$ cat query26.pdb   # PDB, C-alpha atoms and all ligand atoms
ATOM      1  CA  MET A   1       0.492  22.664  45.554
ATOM      2  CA  LEU A   2      -1.865  22.260  42.611
ATOM      3  CA  SER A   3      -3.735  18.989  42.370
ATOM      4  CA  LEU A   4      -3.154  16.849  39.295
ATOM      5  CA  LEU A   5      -6.607  17.681  37.982
ATOM      6  CA  SER A   6      -6.310  21.432  38.422
ATOM      7  CA  ARG A   7      -2.857  21.421  36.775
ATOM      8  CA  ARG A   8      -4.368  19.589  33.822
ATOM      9  CA  ALA A   9      -7.231  22.062  33.657
ATOM     10  CA  LEU A  10      -4.839  25.011  33.826
ATOM     11  CA  THR A  11      -2.631  23.732  31.032
ATOM     12  CA  ALA A  12      -5.596  22.776  28.898
ATOM     13  CA  GLU A  13      -6.896  26.315  29.326
ATOM     14  CA  HIS A  14      -3.507  27.804  28.400
ATOM     15  CA  GLN A  15      -3.021  25.629  25.368
ATOM     16  CA  ASN A  16      -6.667  25.527  24.359
ATOM     17  CA  SER A  17      -6.398  21.761  23.949
ATOM     18  CA  THR A  18      -6.867  18.550  25.893
ATOM     19  CA  ILE A  19      -3.148  17.841  26.343
ATOM     20  CA  ASN A  20      -2.360  15.848  29.453
ATOM     21  CA  ALA A  21      -0.068  18.265  31.280
ATOM     22  CA  VAL A  22       1.917  15.703  33.215
ATOM     23  CA  ARG A  23       2.742  12.973  30.709
ATOM     24  CA  PHE A  24       6.477  13.718  30.938
ATOM     25  CA  GLU A  25       6.861  14.997  34.487
ATOM     26  CA  ASN A  26      10.292  14.026  35.922
ATOM     27  CA  GLN A  27      11.424  12.883  32.483
ATOM     28  CA  ILE A  28      14.443  14.047  30.536
ATOM     29  CA  ALA A  29      14.206  14.441  26.761
ATOM     30  CA  VAL A  30      17.069  14.988  24.317
ATOM     31  CA  VAL A  31      16.008  16.596  21.034
ATOM     32  CA  THR A  32      18.542  16.984  18.232
ATOM     33  CA  GLY A  33      18.007  19.741  15.678
ATOM     34  CA  ALA A  34      15.952  21.520  18.353
ATOM     35  CA  GLY A  35      17.035  24.956  17.145
ATOM     36  CA  ARG A  36      14.455  25.308  14.394
ATOM     37  CA  GLY A  37      11.457  23.783  12.648
ATOM     38  CA  ILE A  38      10.229  20.354  13.682
ATOM     39  CA  GLY A  39      12.853  19.847  16.419
ATOM     40  CA  HIS A  40      11.927  23.165  17.996
ATOM     41  CA  ALA A  41       8.239  22.194  18.037
ATOM     42  CA  ILE A  42       9.061  18.794  19.585
ATOM     43  CA  ALA A  43      11.265  20.328  22.302
ATOM     44  CA  VAL A  44       8.635  22.919  23.216
ATOM     45  CA  ARG A  45       5.833  20.325  23.193
ATOM     46  CA  LEU A  46       7.657  17.829  25.440
ATOM     47  CA  ALA A  47       8.604  20.649  27.828
ATOM     48  CA  SER A  48       5.001  21.904  27.891
ATOM     49  CA  GLU A  49       4.024  18.447  29.144
ATOM     50  CA  GLY A  50       6.563  18.453  31.959
ATOM     51  CA  ALA A  51       9.820  17.139  30.452
ATOM     52  CA  ARG A  52      13.174  18.774  31.061
ATOM     53  CA  VAL A  53      14.895  19.144  27.702
ATOM     54  CA  ALA A  54      18.421  18.991  26.295
ATOM     55  CA  SER A  55      18.128  21.317  23.290
ATOM     56  CA  VAL A  56      20.767  20.154  20.812
ATOM     57  CA  SER A  57      21.566  21.987  17.596
ATOM     58  CA  ARG A  58      24.487  22.528  15.265
ATOM     59  CA  THR A  59      24.672  26.215  16.129
ATOM     60  CA  GLU A  60      24.899  27.445  19.681
ATOM     61  CA  ALA A  61      22.615  30.408  18.951
ATOM     62  CA  ASN A  62      19.714  28.227  17.794
ATOM     63  CA  ALA A  63      20.162  25.603  20.546
ATOM     64  CA  LYS A  64      20.097  28.431  23.100
ATOM     65  CA  LYS A  65      17.124  30.181  21.533
ATOM     66  CA  THR A  66      14.939  27.110  22.046
ATOM     67  CA  ALA A  67      16.312  26.485  25.556
ATOM     68  CA  ASP A  68      15.692  30.136  26.485
ATOM     69  CA  GLU A  69      12.127  29.947  25.191
ATOM     70  CA  ILE A  70      11.441  26.845  27.296
ATOM     71  CA  ASN A  71      13.111  28.339  30.373
ATOM     72  CA  ALA A  72      11.092  31.539  30.004
ATOM     73  CA  ALA A  73       7.942  29.437  30.377
ATOM     74  CA  ARG A  74       9.346  27.126  33.077
ATOM     75  CA  GLY A  75      12.658  27.986  34.741
ATOM     76  CA  ASN A  76      15.540  25.497  34.563
ATOM     77  CA  ALA A  77      13.670  23.111  32.288
ATOM     78  CA  ALA A  78      16.163  23.226  29.411
ATOM     79  CA  ILE A  79      19.890  23.319  28.677
ATOM     80  CA  ALA A  80      21.402  24.114  25.265
ATOM     81  CA  TYR A  81      24.147  22.035  23.632
ATOM     82  CA  ALA A  82      25.865  22.800  20.316
ATOM     83  CA  VAL A  83      27.315  19.870  18.388
ATOM     84  CA  ASP A  84      27.558  18.522  14.860
ATOM     85  CA  VAL A  85      25.662  15.221  15.167
ATOM     86  CA  SER A  86      27.814  13.626  12.474
ATOM     87  CA  ASP A  87      30.944  13.958  14.662
ATOM     88  CA  HIS A  88      31.032  10.676  16.607
ATOM     89  CA  ALA A  89      33.622  11.688  19.201
ATOM     90  CA  ALA A  90      32.002  15.075  19.883
ATOM     91  CA  VAL A  91      28.555  13.488  20.258
ATOM     92  CA  GLN A  92      29.849  10.917  22.781
ATOM     93  CA  LYS A  93      31.165  13.843  24.852
ATOM     94  CA  ILE A  94      27.881  15.765  24.626
ATOM     95  CA  GLY A  95      25.876  12.638  25.510
ATOM     96  CA  ALA A  96      28.038  12.138  28.613
ATOM     97  CA  GLN A  97      27.626  15.833  29.480
ATOM     98  CA  ILE A  98      23.830  15.600  29.148
ATOM     99  CA  LEU A  99      23.789  12.530  31.418
ATOM    100  CA  GLU A 100      25.917  14.388  33.947
ATOM    101  CA  ASP A 101      23.789  17.552  33.790
ATOM    102  CA  PHE A 102      20.387  15.836  34.011
ATOM    103  CA  GLY A 103      21.271  12.515  35.691
ATOM    104  CA  LYS A 104      19.432  10.392  33.096
ATOM    105  CA  VAL A 105      17.771  10.387  29.684
ATOM    106  CA  ASP A 106      14.255   8.988  29.207
ATOM    107  CA  ILE A 107      13.497  10.154  25.669
ATOM    108  CA  LEU A 108      15.825  10.608  22.700
ATOM    109  CA  ILE A 109      14.514  12.300  19.563
ATOM    110  CA  ASN A 110      16.919  11.979  16.626
ATOM    111  CA  ASN A 111      15.580  14.804  14.480
ATOM    112  CA  ALA A 112      18.606  16.728  13.107
ATOM    113  CA  GLY A 113      18.640  16.526   9.335
ATOM    114  CA  VAL A 114      19.682  18.230   6.114
ATOM    115  CA  THR A 115      19.049  18.033   2.374
ATOM    116  CA  ARG A 116      21.519  18.491  -0.488
ATOM    117  CA  ASP A 117      19.331  17.765  -3.496
ATOM    118  CA  GLY A 118      20.530  16.927  -6.998
ATOM    119  CA  LEU A 119      20.222  14.252  -9.635
ATOM    120  CA  ALA A 120      22.349  11.196  -8.815
ATOM    121  CA  MET A 121      24.454  11.490 -11.961
ATOM    122  CA  ARG A 122      25.551  14.980 -10.957
ATOM    123  CA  MET A 123      25.581  14.624  -7.146
ATOM    124  CA  SER A 124      28.925  15.393  -5.530
ATOM    125  CA  ILE A 125      30.309  12.849  -3.106
ATOM    126  CA  GLU A 126      30.442  15.663  -0.536
ATOM    127  CA  ASP A 127      26.668  16.163  -0.822
ATOM    128  CA  TRP A 128      26.136  12.402  -0.521
ATOM    129  CA  ASP A 129      28.352  12.212   2.576
ATOM    130  CA  THR A 130      26.909  15.306   4.285
ATOM    131  CA  VAL A 131      23.364  13.982   4.091
ATOM    132  CA  ILE A 132      24.173  10.383   5.078
ATOM    133  CA  ASN A 133      26.490  11.507   7.878
ATOM    134  CA  THR A 134      24.050  14.002   9.357
ATOM    135  CA  ASN A 135      20.756  12.155   8.957
ATOM    136  CA  LEU A 136      21.843   8.536   9.518
ATOM    137  CA  ARG A 137      25.224   8.483  11.234
ATOM    138  CA  GLY A 138      24.047  11.384  13.450
ATOM    139  CA  ALA A 139      21.135   9.292  14.782
ATOM    140  CA  PHE A 140      23.448   6.336  15.396
ATOM    141  CA  ASN A 141      25.972   8.598  17.158
ATOM    142  CA  PHE A 142      23.432  10.044  19.567
ATOM    143  CA  THR A 143      21.817   6.689  20.227
ATOM    144  CA  GLN A 144      25.198   5.205  21.087
ATOM    145  CA  SER A 145      25.986   8.081  23.432
ATOM    146  CA  ILE A 146      22.980   7.445  25.721
ATOM    147  CA  ILE A 147      22.050   3.813  25.140
ATOM    148  CA  ARG A 148      24.082   2.313  27.989
ATOM    149  CA  ALA A 149      22.332   4.609  30.454
ATOM    150  CA  MET A 150      18.900   3.694  29.062
ATOM    151  CA  ILE A 151      19.707  -0.028  29.202
ATOM    152  CA  LYS A 152      20.822   0.356  32.808
ATOM    153  CA  GLN A 153      17.589   2.080  33.822
ATOM    154  CA  ARG A 154      15.629  -0.527  31.823
ATOM    155  CA  SER A 155      13.362   2.042  30.208
ATOM    156  CA  GLY A 156      13.457   4.586  27.421
ATOM    157  CA  ARG A 157      11.977   5.911  24.225
ATOM    158  CA  ILE A 158      13.941   6.519  21.044
ATOM    159  CA  ILE A 159      12.143   8.237  18.172
ATOM    160  CA  ASN A 160      13.855   8.788  14.842
ATOM    161  CA  ILE A 161      12.513  11.419  12.470
ATOM    162  CA  THR A 162      12.642   9.811   9.058
ATOM    163  CA  SER A 163      10.585  10.953   6.019
ATOM    164  CA  VAL A 164       7.988   9.620   3.622
ATOM    165  CA  ILE A 165      10.810   9.987   1.071
ATOM    166  CA  GLY A 166      12.583   7.115   2.869
ATOM    167  CA  LEU A 167       9.563   4.951   2.004
ATOM    168  CA  ILE A 168       8.810   6.017  -1.571
ATOM    169  CA  GLY A 169      12.050   7.610  -2.850
ATOM    170  CA  ASN A 170      12.257  10.862  -4.789
ATOM    171  CA  ALA A 171      14.006  11.934  -7.972
ATOM    172  CA  GLY A 172      16.768  14.362  -6.997
ATOM    173  CA  GLN A 173      17.002  13.068  -3.428
ATOM    174  CA  ALA A 174      18.985   9.812  -3.674
ATOM    175  CA  ASN A 175      21.156  10.811  -0.715
ATOM    176  CA  TYR A 176      18.227  11.978   1.412
ATOM    177  CA  ALA A 177      16.013   8.980   0.576
ATOM    178  CA  ALA A 178      18.884   6.566   1.323
ATOM    179  CA  SER A 179      19.558   8.256   4.675
ATOM    180  CA  LYS A 180      15.887   8.167   5.658
ATOM    181  CA  ALA A 181      15.390   4.554   4.508
ATOM    182  CA  GLY A 182      18.526   3.721   6.503
ATOM    183  CA  LEU A 183      16.953   5.342   9.561
ATOM    184  CA  ILE A 184      13.994   2.994   9.229
ATOM    185  CA  GLY A 185      16.347  -0.015   9.188
ATOM    186  CA  LEU A 186      18.173   1.428  12.199
ATOM    187  CA  THR A 187      14.841   1.943  14.005
ATOM    188  CA  LYS A 188      13.701  -1.661  13.455
ATOM    189  CA  SER A 189      17.059  -3.186  14.388
ATOM    190  CA  LEU A 190      17.308  -1.109  17.578
ATOM    191  CA  ALA A 191      13.699  -1.974  18.426
ATOM    192  CA  ARG A 192      14.592  -5.673  18.288
ATOM    193  CA  GLU A 193      17.867  -5.168  20.181
ATOM    194  CA  LEU A 194      16.378  -3.094  22.988
ATOM    195  CA  ALA A 195      12.845  -4.464  23.489
ATOM    196  CA  SER A 196      13.891  -6.815  26.289
ATOM    197  CA  ARG A 197      15.332  -3.812  28.156
ATOM    198  CA  GLY A 198      12.019  -1.932  28.214
ATOM    199  CA  ILE A 199      13.127   0.516  25.508
ATOM    200  CA  THR A 200      10.881   1.221  22.530
ATOM    201  CA  VAL A 201      12.238   2.553  19.239
ATOM    202  CA  ASN A 202       9.964   4.040  16.600
ATOM    203  CA  ALA A 203      10.152   6.367  13.625
ATOM    204  CA  VAL A 204       7.951   9.237  12.558
ATOM    205  CA  ALA A 205       7.810   9.944   8.824
ATOM    206  CA  PRO A 206       6.687  13.493   8.083
ATOM    207  CA  GLY A 207       5.279  14.376   4.684
ATOM    208  CA  PHE A 208       5.544  18.003   3.555
ATOM    209  CA  ILE A 209       5.981  20.241   6.596
ATOM    210  CA  THR A 210       6.335  24.029   6.534
ATOM    211  CA  THR A 211       9.875  24.742   7.835
ATOM    212  CA  ASP A 212      13.142  26.292   6.622
ATOM    213  CA  MET A 213      13.895  22.956   4.929
ATOM    214  CA  THR A 214      10.959  23.299   2.543
ATOM    215  CA  ALA A 215      10.903  27.113   2.352
ATOM    216  CA  GLY A 216      13.385  27.194  -0.534
ATOM    217  CA  LEU A 217      11.300  25.031  -2.889
ATOM    218  CA  SER A 218       9.752  26.813  -5.868
ATOM    219  CA  ASP A 219       6.031  27.630  -5.793
ATOM    220  CA  GLU A 220       5.572  25.204  -8.694
ATOM    221  CA  ILE A 221       7.107  22.279  -6.749
ATOM    222  CA  LYS A 222       5.107  23.223  -3.638
ATOM    223  CA  LYS A 223       1.894  23.247  -5.725
ATOM    224  CA  THR A 224       2.727  19.842  -7.246
ATOM    225  CA  ILE A 225       3.381  18.309  -3.823
ATOM    226  CA  GLN A 226       0.279  19.859  -2.301
ATOM    227  CA  ALA A 227      -1.813  18.286  -5.061
ATOM    228  CA  GLN A 228      -0.618  14.866  -3.821
ATOM    229  CA  ILE A 229      -1.828  15.435  -0.253
ATOM    230  CA  PRO A 230      -5.337  14.048   0.302
ATOM    231  CA  LEU A 231      -5.932  16.389   3.257
ATOM    232  CA  GLY A 232      -5.165  19.250   0.846
ATOM    233  CA  LYS A 233      -2.679  21.214   2.934
ATOM    234  CA  THR A 234       0.916  21.079   4.097
ATOM    235  CA  GLY A 235       1.660  20.034   7.670
ATOM    236  CA  GLN A 236       2.980  22.166  10.521
ATOM    237  CA  PRO A 237       5.873  21.269  12.871
ATOM    238  CA  GLU A 238       3.298  20.918  15.679
ATOM    239  CA  ASP A 239       1.625  18.065  13.755
ATOM    240  CA  ILE A 240       4.884  16.104  14.020
ATOM    241  CA  ALA A 241       5.361  17.103  17.666
ATOM    242  CA  SER A 242       1.935  15.648  18.536
ATOM    243  CA  ALA A 243       2.827  12.260  17.023
ATOM    244  CA  VAL A 244       6.227  12.264  18.728
ATOM    245  CA  ALA A 245       4.663  13.119  22.097
ATOM    246  CA  PHE A 246       2.271  10.192  21.723
ATOM    247  CA  LEU A 247       5.068   7.736  20.863
ATOM    248  CA  ALA A 248       7.160   9.071  23.761
ATOM    249  CA  SER A 249       4.298   8.677  26.234
ATOM    250  CA  ALA A 250       3.249   5.729  28.391
ATOM    251  CA  GLU A 251       0.225   5.327  26.121
ATOM    252  CA  ALA A 252       2.560   3.982  23.408
ATOM    253  CA  SER A 253       4.347   1.461  25.614
ATOM    254  CA  TYR A 254       3.246  -1.527  23.475
ATOM    255  CA  ILE A 255       4.378   0.057  20.180
ATOM    256  CA  THR A 256       7.911  -0.554  18.902
ATOM    257  CA  GLY A 257       9.673  -0.849  15.548
ATOM    258  CA  GLN A 258       6.960   1.128  13.760
ATOM    259  CA  VAL A 259       6.992   3.940  11.224
ATOM    260  CA  LEU A 260       4.180   6.445  11.753
ATOM    261  CA  CYS A 261       3.519   8.598   8.678
ATOM    262  CA  VAL A 262       2.301  12.094   9.525
ATOM    263  CA  ASP A 263       1.699  13.339   6.018
ATOM    264  CA  GLY A 264      -1.929  14.301   5.412
ATOM    265  CA  GLY A 265      -2.396  10.957   3.655
ATOM    266  CA  MET A 266       0.389  11.336   1.058
ATOM    267  CA  VAL A 267       1.602   7.767   1.537
ATOM    268  CA  MET A 268      -0.915   5.032   2.276
TER     269      MET A 268
HETATM  270  P1  LIG B   1      15.152  22.604   9.469
HETATM  271  O1  LIG B   1      14.098  23.598   9.746
HETATM  272  O2  LIG B   1      16.119  22.807   8.374
HETATM  273  O3  LIG B   1      15.956  22.335  10.856
HETATM  274  C1  LIG B   1      16.972  21.391  10.884
HETATM  275  C2  LIG B   1      17.557  21.329  12.277
HETATM  276  O4  LIG B   1      18.603  20.340  12.272
HETATM  277  C3  LIG B   1      18.205  22.635  12.693
HETATM  278  O5  LIG B   1      17.933  22.886  14.058
HETATM  279  C4  LIG B   1      19.699  22.383  12.503
HETATM  280  O6  LIG B   1      20.552  23.057  13.416
HETATM  281  C5  LIG B   1      19.781  20.900  12.802
HETATM  282  N1  LIG B   1      20.980  20.307  12.171
HETATM  283  C6  LIG B   1      21.248  20.193  10.855
HETATM  284  N2  LIG B   1      22.446  19.608  10.668
HETATM  285  C7  LIG B   1      22.936  19.340  11.900
HETATM  286  C8  LIG B   1      24.128  18.774  12.381
HETATM  287  N3  LIG B   1      25.072  18.310  11.541
HETATM  288  N4  LIG B   1      24.307  18.666  13.713
HETATM  289  C9  LIG B   1      23.368  19.118  14.585
HETATM  290  N5  LIG B   1      22.211  19.666  14.186
HETATM  291  C10 LIG B   1      21.998  19.796  12.864
HETATM  292  O7  LIG B   1      14.497  21.163   9.167
HETATM  293  P2  LIG B   1      13.090  20.516   9.580
HETATM  294  O8  LIG B   1      12.184  20.651   8.424
HETATM  295  O9  LIG B   1      12.669  20.998  10.909
HETATM  296  O10 LIG B   1      13.510  18.975   9.634
HETATM  297  C11 LIG B   1      13.698  18.270  10.845
HETATM  298  C12 LIG B   1      13.768  16.778  10.522
HETATM  299  O11 LIG B   1      12.533  16.384   9.894
HETATM  300  C13 LIG B   1      14.873  16.423   9.539
HETATM  301  O12 LIG B   1      15.445  15.186   9.891
HETATM  302  C14 LIG B   1      14.142  16.294   8.224
HETATM  303  O13 LIG B   1      14.804  15.445   7.330
HETATM  304  C15 LIG B   1      12.819  15.730   8.684
HETATM  305  N6  LIG B   1      11.746  15.931   7.728
HETATM  306  C16 LIG B   1      11.324  17.190   7.400
HETATM  307  C17 LIG B   1      10.293  17.337   6.469
HETATM  308  C18 LIG B   1       9.776  18.680   6.064
HETATM  309  O14 LIG B   1       8.913  18.732   5.161
HETATM  310  N7  LIG B   1      10.209  19.785   6.655
HETATM  311  C19 LIG B   1       9.720  16.209   5.877
HETATM  312  C20 LIG B   1      10.174  14.947   6.228
HETATM  313  C21 LIG B   1      11.180  14.824   7.158
HETATM  314  P3  LIG B   1      20.763  24.669  13.416
HETATM  315  O15 LIG B   1      19.407  25.274  13.656
HETATM  316  O16 LIG B   1      21.675  24.891  14.574
HETATM  317  O17 LIG B   1      21.305  25.008  12.081
END

$ encode --input "query26.pdb" --output "structure tokens"
Amino acid sequence: MLSLLSRRALTAEHQNSTINAVRFENQIAVVTGAGRGIGHAIAVRLASEGARVASVSRTEANAKKTADEINAARGNAAIAYAVDVSDHAAVQKIGAQILEDFGKVDILINNAGVTRDGLAMRMSIEDWDTVINTNLRGAFNFTQSIIRAMIKQRSGRIINITSVIGLIGNAGQANYAASKAGLIGLTKSLARELASRGITVNAVAPGFITTDMTAGLSDEIKKTIQAQIPLGKTGQPEDIASAVAFLASAEASYITGQVLCVDGGMVM
């Protein structure tokens, strides 16, 4: 069996970084929206540091793709689950299934999210509901599905992926900004509710990250946003995964109810 130090050295060599290889050994992480983009990067990162992962996505194909990728690197480390996070009853069933399959949940990452942009005066109520129900209700649904188990084990990490838009607002994104600001309120309330049970609850607020979600924006909008980023470049999904891994780790055990902006300095 490899010693702790040699395992760390091996992983560091593989990943060309100083990542502590065993931060999440014997831990179970649930990542929603794990099929693509930021959620995919988070799932892969937590697995690379020893976690076993429930890869949750709306589509079975994408949930499975991430699980397969993790399992190819480390057998039996991931299981795929397909569910619409906005469906309360379906999520309670999936949460129970995850608890049965893995025996516990240590880390919950509420990352699944969508946009349906448009000016408020023209926004359809369907677009309002889709965004609020996916981004905000979805996080509440998943939290409710595993929270009893976390309370019982008297430990846990919940990390909600909000957005800088939830802090500063954005013309054309009233639904999205409201959902992300709501997530911050949810994060702080849960942090207060669950602190005495050894559970921390934090939010990560990405700025402009290169994923499918931002791929459709015009070059002009991309250029305008980039000009507002002091570090002068857009972020990558791995930048968000690094912040999430820190908040999920033991090193962040005295941090709760916080919003960590990972945005190249956009909001300060
Ligand atoms: P993305 O590439 O569009 O991926 C979104 C993921 O969410 C997909 O895996 C998708 O599932 C899943 N999803 C969407 N609706 C769902 C539903 N109803 N039920 C279950 N899963 C659902 O987006 P992203 O850029 O990675 O964004 C991830 C999170 O970061 C979102 O909450 C987003 O608001 C937030 N964020 C992103 C940025 C950015 O610049 N990209 C900035 C700030 C915040 P399928 O793959 O199965 O379709």

$ residues_near_ligand --input "query26.pdb" --ligand "ligand LIG 1 (chain B)" --cutoff "8 Å" --atoms "all atoms listed in the file" --output "ChimeraX atom specification"
/A:32-40,56-63,82-87,110-115,133-135,138,161-165,176,180,205-214,235,237

$ axis_aligned_box --input "query26.pdb" --around "segment 230-239 of chain A" --padding-each-side "3 Å" --output "lines of an AutoDock Vina configuration file"
center_x = 0.0
center_y = 18.1
center_z = 8.0
size_x = 17.8
size_y = 14.1
size_z = 21.4

$ closest_residue --input "query26.pdb" --among "A:Phe140, A:Arg74, A:Asp263, A:Gly169" --to "Leu231 of chain A" --atoms "all atoms listed in the file"
A:Asp263

$ residues_around --input "query26.pdb" --residues "Ala47 of chain A" --least-positions-apart "6" --cutoff "9 Å" --atoms "all atoms listed in the file" --output "MDAnalysis selection string"
chainID A and resid 24:25 29 53 70 74 77:78

$ resolve_selection --input "query26.pdb" --expression "the PyMOL selection byres (((chain A and resi 181-193) around 6) and not hetatm)" --output "list in words"
Leu136, Gly166, Ala177, Ala178, Ser179, Lys180, Leu194, Ala195, Thr200, Val201, Asn202, Thr256 and Gly257 of chain A

$ atom_distance --input "query26.pdb" --atom1 "atom CA of Ala120 of chain A" --atom2 "atom CA of Ala227 of chain A"
25.5 Å

$ closest_residue --input "query26.pdb" --among "A:Met121, A:Ile199, A:Leu260, A:Ile158" --to "Gln173 of chain A" --atoms "only C-alpha atoms"
A:Met121

$ resolve_selection --input "query26.pdb" --expression "the PyMOL selection byres (((chain A and resi 76) around 12) and not hetatm)" --output "PyMOL selection string"
chain A and resi 47+50-54+67-75+77-80+101-102

$ closest_residue --input "query26.pdb" --among "A:Ala174, A:Leu167, A:Ile159, A:Val22" --to "Ile255 of chain A" --atoms "all atoms listed in the file"
A:Ile159

$ residues_around --input "query26.pdb" --residues "segment 125-129 of chain A" --least-positions-apart "6" --cutoff "8 Å" --atoms "all atoms listed in the file" --output "list in words"
Arg116, Asp117 and Asn175 of chain A

$ write_last_selection --input "query26.pdb" --atoms "C-alpha atoms" --output "compact mmCIF listing (two decimals), in the frame of the given file"
# COMPACT_ATOMS: atom_id res chain seq x y z
CA ARG A 116 21.52 18.49 -0.49
CA ASP A 117 19.33 17.76 -3.50
CA ASN A 175 21.16 10.81 -0.72

$ atom_distance --input "query26.pdb" --atom1 "atom CA of Lys104 of chain A" --atom2 "atom CA of Arg197 of chain A"
15.6 Å

$ atom_distance --input "query26.pdb" --atom1 "atom CA of Leu119 of chain A" --atom2 "atom CA of Ser218 of chain A"
16.8 Å

$ resolve_selection --input "query26.pdb" --expression "the PyMOL selection byres (((chain A and resi 152) around 12) and not hetatm)" --output "number ranges by chain"
A: 104-106, 146-151, 153-156, 194, 196-199

$ residues_around --input "query26.pdb" --residues "Gln92 of chain A" --least-positions-apart "5" --cutoff "10 Å" --atoms "all atoms listed in the file" --output "list in words"
Val85, Asp87, Gln97, Ile98, Asn141, Phe142, Thr143, Gln144, Ser145 and Ile146 of chain A

$ closest_residue --input "query26.pdb" --among "A:Ile168, A:Ile240, A:Ile132, A:Ala245" --to "Met266 of chain A" --atoms "all atoms listed in the file"
A:Ile168

$ closest_residue --input "query26.pdb" --among "A:Leu217, A:Ala43, A:Val267, A:Val91" --to "Ala241 of chain A" --atoms "all atoms listed in the file"
A:Ala43
